[in-house]
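A short worksheet on the structure shown next.
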Amino acid sequence: MATLDYFERKLDDKRRLTIPVELRAEFAGGVVITRGFSNYLHLYPVNVWEDDVEPALKGSILDEQVADLNVQFRMGKVSQDLDAKQGRVVFEQHLLQYAGIDKTLVCVRAGKYWRVMAGK
């Protein structure tokens, strides 16, 4: 079976994104949503956040680059469980504003996580 690496969806009126059925197992342990490096968001399975991102954010307390990365990824960070019934996650309004997302969004796999951008 081919891996799904891209999908486009509309948020519902409560700012919820329905994760495609093919990807729900990937997010079964939970979801972390953060700001990206630019005007987009990152969507992580919680195990990827804990196993890969958290260790990468550790470093010297005096390392400015480490501090900047912590601010970038922790400002507005949201952790939540996937809605088991319909496979939805809620996007906070401040994160949508940061990424310039109104209603439609595009999700593209970027290795172990997803980049979430405004759609057309």
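Here's how to read the names in the structure tokens: chain A, B, ... by the order shown, residue numbers from 1 in each chain, ligand numbers from 1 in the order shown.
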I want to know what sits within 9 Å of range 47-63 of chain A, based on only C-alpha atoms, with residues of the same chain fewer than 4 positions away left out; could you give that as a list of chain:residue names?
A:Phe27, A:Gly29, A:Gly30, A:Val31, A:Val32, A:Ala67, A:Asp68, A:Leu69, A:Asn70, A:Phe73, A:Lys112, A:Tyr113
Please save N, CA, C and O atoms of the selected residues as a compact mmCIF listing (two decimals), in the first residue's frame.
# COMPACT_ATOMS: atom_id res chain seq x y z
N PHE A 27 -1.26 8.93 14.20
CA PHE A 27 -1.53 9.93 15.23
C PHE A 27 -2.31 9.36 16.43
O PHE A 27 -2.79 10.11 17.27
N GLY A 29 -1.45 7.97 19.13
CA GLY A 29 -0.92 8.29 20.46
C GLY A 29 -1.07 9.75 20.85
O GLY A 29 -0.79 10.13 21.98
N GLY A 30 -1.51 10.59 19.92
CA GLY A 30 -1.69 12.01 20.18
C GLY A 30 -1.04 12.85 19.10
O GLY A 30 -0.33 12.33 18.23
N VAL A 31 -1.31 14.15 19.17
CA VAL A 31 -0.88 15.10 18.16
C VAL A 31 -0.25 16.31 18.85
O VAL A 31 -0.72 16.75 19.91
N VAL A 32 0.81 16.83 18.26
CA VAL A 32 1.42 18.09 18.70
C VAL A 32 1.40 19.03 17.50
O VAL A 32 1.85 18.65 16.42
N ALA A 67 18.01 28.19 22.28
CA ALA A 67 16.96 29.02 22.87
C ALA A 67 15.96 29.47 21.81
O ALA A 67 14.75 29.42 22.01
N ASP A 68 16.48 29.91 20.66
CA ASP A 68 15.60 30.37 19.57
C ASP A 68 14.70 29.24 19.08
O ASP A 68 13.52 29.45 18.79
N LEU A 69 15.25 28.04 18.94
CA LEU A 69 14.44 26.90 18.51
C LEU A 69 13.37 26.56 19.53
O LEU A 69 12.22 26.26 19.18
N ASN A 70 13.71 26.64 20.82
CA ASN A 70 12.72 26.38 21.86
C ASN A 70 11.57 27.39 21.78
O ASN A 70 10.41 27.01 21.87
N PHE A 73 9.35 26.63 18.58
CA PHE A 73 8.50 25.45 18.60
C PHE A 73 7.60 25.34 19.82
O PHE A 73 6.63 24.59 19.79
N LYS A 112 9.24 12.76 9.18
CA LYS A 112 8.43 12.16 10.24
C LYS A 112 7.27 13.04 10.70
O LYS A 112 6.50 12.64 11.57
N TYR A 113 7.18 14.26 10.18
CA TYR A 113 6.11 15.15 10.58
C TYR A 113 5.43 15.73 9.34
O TYR A 113 5.77 15.39 8.22
Backbone-only DSSP, helix (DSSP H, G or I) members of range 12-73 of chain A, as a VMD selection string
chain A and resid 21 to 27 46 to 56 64 to 73
Which range 42-79 of chain A residues have any atom within 12 Å of an atom of range 95-110 of chain A, and for each, what is the nearest pair of atoms with distance in Å to one decimal, counting only C-alpha atoms, rows sorted by chain and number, as a tab-separated table?
residue	atom	partner	partner_atom	distance
A:His42	CA	A:Ala110	CA	9.1
A:Leu43	CA	A:Cys107	CA	8.7
A:Tyr44	CA	A:Arg109	CA	10.0
A:Pro45	CA	A:Arg109	CA	11.7
A:Gln72	CA	A:Tyr98	CA	11.7
A:Phe73	CA	A:Leu95	CA	11.5
A:Arg74	CA	A:Leu95	CA	11.7
A:Met75	CA	A:Leu95	CA	9.5
A:Gly76	CA	A:Leu95	CA	6.9
A:Lys77	CA	A:Leu95	CA	8.6
A:Val78	CA	A:Leu95	CA	9.2
Export of prior selection with all heavy atoms as a JSON list (two decimals), in the first residue's frame:
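again-v5.json was written with the following content:
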[["chain", "number", "residue", "atom", "x", "y", "z"],
["A", 42, "HIS", "N", 3.64, 22.93, 11.96],
["A", 42, "HIS", "CA", 4.11, 21.55, 11.99],
["A", 42, "HIS", "C", 3.08, 20.73, 12.75],
["A", 42, "HIS", "O", 2.60, 21.15, 13.80],
["A", 42, "HIS", "CB", 5.45, 21.43, 12.70],
["A", 42, "HIS", "CG", 6.60, 21.97, 11.93],
["A", 42, "HIS", "ND1", 7.88, 21.97, 12.43],
["A", 42, "HIS", "CD2", 6.69, 22.52, 10.70],
["A", 42, "HIS", "CE1", 8.70, 22.49, 11.54],
["A", 42, "HIS", "NE2", 8.00, 22.85, 10.49],
["A", 43, "LEU", "N", 2.79, 19.56, 12.21],
["A", 43, "LEU", "CA", 1.87, 18.61, 12.84],
["A", 43, "LEU", "C", 2.67, 17.33, 13.09],
["A", 43, "LEU", "O", 3.17, 16.71, 12.15],
["A", 43, "LEU", "CB", 0.69, 18.34, 11.89],
["A", 43, "LEU", "CG", -0.37, 17.34, 12.32],
["A", 43, "LEU", "CD1", -1.14, 17.89, 13.52],
["A", 43, "LEU", "CD2", -1.33, 17.08, 11.16],
["A", 44, "TYR", "N", 2.86, 17.01, 14.38],
["A", 44, "TYR", "CA", 3.68, 15.86, 14.77],
["A", 44, "TYR", "C", 2.82, 14.78, 15.43],
["A", 44, "TYR", "O", 1.99, 15.10, 16.28],
["A", 44, "TYR", "CB", 4.71, 16.26, 15.84],
["A", 44, "TYR", "CG", 5.71, 17.29, 15.42],
["A", 44, "TYR", "CD1", 5.48, 18.64, 15.65],
["A", 44, "TYR", "CD2", 6.91, 16.92, 14.83],
["A", 44, "TYR", "CE1", 6.41, 19.60, 15.29],
["A", 44, "TYR", "CE2", 7.86, 17.86, 14.47],
["A", 44, "TYR", "CZ", 7.59, 19.20, 14.69],
["A", 44, "TYR", "OH", 8.52, 20.14, 14.33],
["A", 45, "PRO", "N", 3.08, 13.52, 15.12],
["A", 45, "PRO", "CA", 2.59, 12.47, 16.01],
["A", 45, "PRO", "C", 3.32, 12.67, 17.34],
["A", 45, "PRO", "O", 4.51, 13.02, 17.35],
["A", 45, "PRO", "CB", 3.02, 11.18, 15.32],
["A", 45, "PRO", "CG", 3.25, 11.55, 13.89],
["A", 45, "PRO", "CD", 3.74, 12.97, 13.93],
["A", 72, "GLN", "N", 10.65, 29.13, 19.14],
["A", 72, "GLN", "CA", 9.93, 28.90, 17.90],
["A", 72, "GLN", "C", 8.92, 27.75, 18.02],
["A", 72, "GLN", "O", 7.78, 27.88, 17.63],
["A", 72, "GLN", "CB", 10.92, 28.58, 16.76],
["A", 72, "GLN", "CG", 10.27, 28.33, 15.42],
["A", 72, "GLN", "CD", 9.63, 29.58, 14.84],
["A", 72, "GLN", "OE1", 10.12, 30.68, 15.04],
["A", 72, "GLN", "NE2", 8.53, 29.40, 14.14],
["A", 73, "PHE", "N", 9.35, 26.63, 18.58],
["A", 73, "PHE", "CA", 8.50, 25.45, 18.60],
["A", 73, "PHE", "C", 7.60, 25.34, 19.82],
["A", 73, "PHE", "O", 6.63, 24.59, 19.79],
["A", 73, "PHE", "CB", 9.34, 24.19, 18.43],
["A", 73, "PHE", "CG", 9.88, 24.05, 17.04],
["A", 73, "PHE", "CD1", 11.21, 24.31, 16.78],
["A", 73, "PHE", "CD2", 9.05, 23.72, 15.99],
["A", 73, "PHE", "CE1", 11.71, 24.21, 15.49],
["A", 73, "PHE", "CE2", 9.53, 23.62, 14.69],
["A", 73, "PHE", "CZ", 10.87, 23.87, 14.45],
["A", 74, "ARG", "N", 7.91, 26.07, 20.87],
["A", 74, "ARG", "CA", 7.06, 25.98, 22.07],
["A", 74, "ARG", "C", 6.01, 27.10, 22.15],
["A", 74, "ARG", "O", 5.01, 26.94, 22.85],
["A", 74, "ARG", "CB", 7.93, 25.98, 23.32],
["A", 74, "ARG", "CG", 8.79, 24.74, 23.41],
["A", 74, "ARG", "CD", 9.51, 24.67, 24.74],
["A", 74, "ARG", "NE", 10.58, 23.69, 24.74],
["A", 74, "ARG", "CZ", 10.41, 22.37, 24.84],
["A", 74, "ARG", "NH1", 9.21, 21.87, 24.94],
["A", 74, "ARG", "NH2", 11.46, 21.56, 24.84],
["A", 75, "MET", "N", 6.24, 28.21, 21.44],
["A", 75, "MET", "CA", 5.28, 29.30, 21.48],
["A", 75, "MET", "C", 3.98, 28.87, 20.81],
["A", 75, "MET", "O", 3.96, 28.60, 19.62],
["A", 75, "MET", "CB", 5.82, 30.55, 20.80],
["A", 75, "MET", "CG", 4.88, 31.75, 20.92],
["A", 75, "MET", "SD", 5.54, 33.23, 20.13],
["A", 75, "MET", "CE", 6.87, 33.62, 21.23],
["A", 76, "GLY", "N", 2.93, 28.75, 21.58],
["A", 76, "GLY", "CA", 1.64, 28.35, 21.03],
["A", 76, "GLY", "C", 1.49, 26.86, 20.79],
["A", 76, "GLY", "O", 0.51, 26.42, 20.21],
["A", 77, "LYS", "N", 2.46, 26.07, 21.25],
["A", 77, "LYS", "CA", 2.41, 24.61, 21.06],
["A", 77, "LYS", "C", 1.13, 24.03, 21.68],
["A", 77, "LYS", "O", 0.75, 24.40, 22.79],
["A", 77, "LYS", "CB", 3.64, 23.97, 21.70],
["A", 77, "LYS", "CG", 3.63, 22.47, 21.70],
["A", 77, "LYS", "CD", 4.81, 21.93, 22.50],
["A", 77, "LYS", "CE", 4.38, 20.67, 23.18],
["A", 77, "LYS", "NZ", 4.99, 20.43, 24.43],
["A", 78, "VAL", "N", 0.48, 23.15, 20.94],
["A", 78, "VAL", "CA", -0.74, 22.51, 21.41],
["A", 78, "VAL", "C", -0.56, 21.00, 21.31],
["A", 78, "VAL", "O", -0.15, 20.49, 20.28],
["A", 78, "VAL", "CB", -1.95, 22.95, 20.55],
["A", 78, "VAL", "CG1", -3.21, 22.22, 20.96],
["A", 78, "VAL", "CG2", -2.16, 24.45, 20.62]]
Using only C-alpha atoms, pick whichever of A:Arg15, A:Arg115, A:Arg24, A:Arg9 has the shortest atom-to-atom distance to Gly87 in chain A.
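With only C-alpha atoms as the atom set, the closest residue is A:Arg24.
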Which of range 5-107 of chain A fall in strand (DSSP E or B), as a PDB file with C-alpha atoms, in the first residue's frame:
ATOM      1  CA  TYR A   6      -0.161  14.910   0.835  1.00  0.00           C
ATOM      2  CA  PHE A   7      -3.743  15.868   1.551  1.00  0.00           C
ATOM      3  CA  GLU A   8      -5.929  18.954   1.360  1.00  0.00           C
ATOM      4  CA  ARG A   9      -8.903  19.574   3.637  1.00  0.00           C
ATOM      5  CA  LYS A  10     -11.242  22.282   4.872  1.00  0.00           C
ATOM      6  CA  ARG A  16     -11.221  20.922  13.361  1.00  0.00           C
ATOM      7  CA  LEU A  17      -9.211  19.039  10.747  1.00  0.00           C
ATOM      8  CA  THR A  18     -10.287  15.517   9.868  1.00  0.00           C
ATOM      9  CA  VAL A  31      -0.882  15.101  18.162  1.00  0.00           C
ATOM     10  CA  VAL A  32       1.419  18.086  18.704  1.00  0.00           C
ATOM     11  CA  ILE A  33       0.864  21.260  16.642  1.00  0.00           C
ATOM     12  CA  THR A  34       3.499  24.007  16.609  1.00  0.00           C
ATOM     13  CA  ARG A  35       4.600  26.977  14.572  1.00  0.00           C
ATOM     14  CA  LEU A  41       2.602  24.896  11.021  1.00  0.00           C
ATOM     15  CA  HIS A  42       4.111  21.552  11.986  1.00  0.00           C
ATOM     16  CA  LEU A  43       1.874  18.612  12.840  1.00  0.00           C
ATOM     17  CA  TYR A  44       3.678  15.862  14.769  1.00  0.00           C
ATOM     18  CA  PRO A  45       2.587  12.474  16.012  1.00  0.00           C
ATOM     19  CA  VAL A  78      -0.742  22.512  21.409  1.00  0.00           C
ATOM     20  CA  SER A  79      -0.870  18.835  22.414  1.00  0.00           C
ATOM     21  CA  GLN A  80      -4.066  16.839  22.166  1.00  0.00           C
ATOM     22  CA  ARG A  88     -10.172  15.136  14.130  1.00  0.00           C
ATOM     23  CA  VAL A  89      -7.757  17.610  15.695  1.00  0.00           C
ATOM     24  CA  VAL A  90      -8.527  21.195  16.678  1.00  0.00           C
ATOM     25  CA  THR A 104      -8.595  25.357   3.539  1.00  0.00           C
ATOM     26  CA  LEU A 105      -5.259  23.837   4.385  1.00  0.00           C
ATOM     27  CA  VAL A 106      -2.692  21.658   2.681  1.00  0.00           C
ATOM     28  CA  CYS A 107      -0.696  19.039   4.573  1.00  0.00           C
TER      29      CYS A 107
END
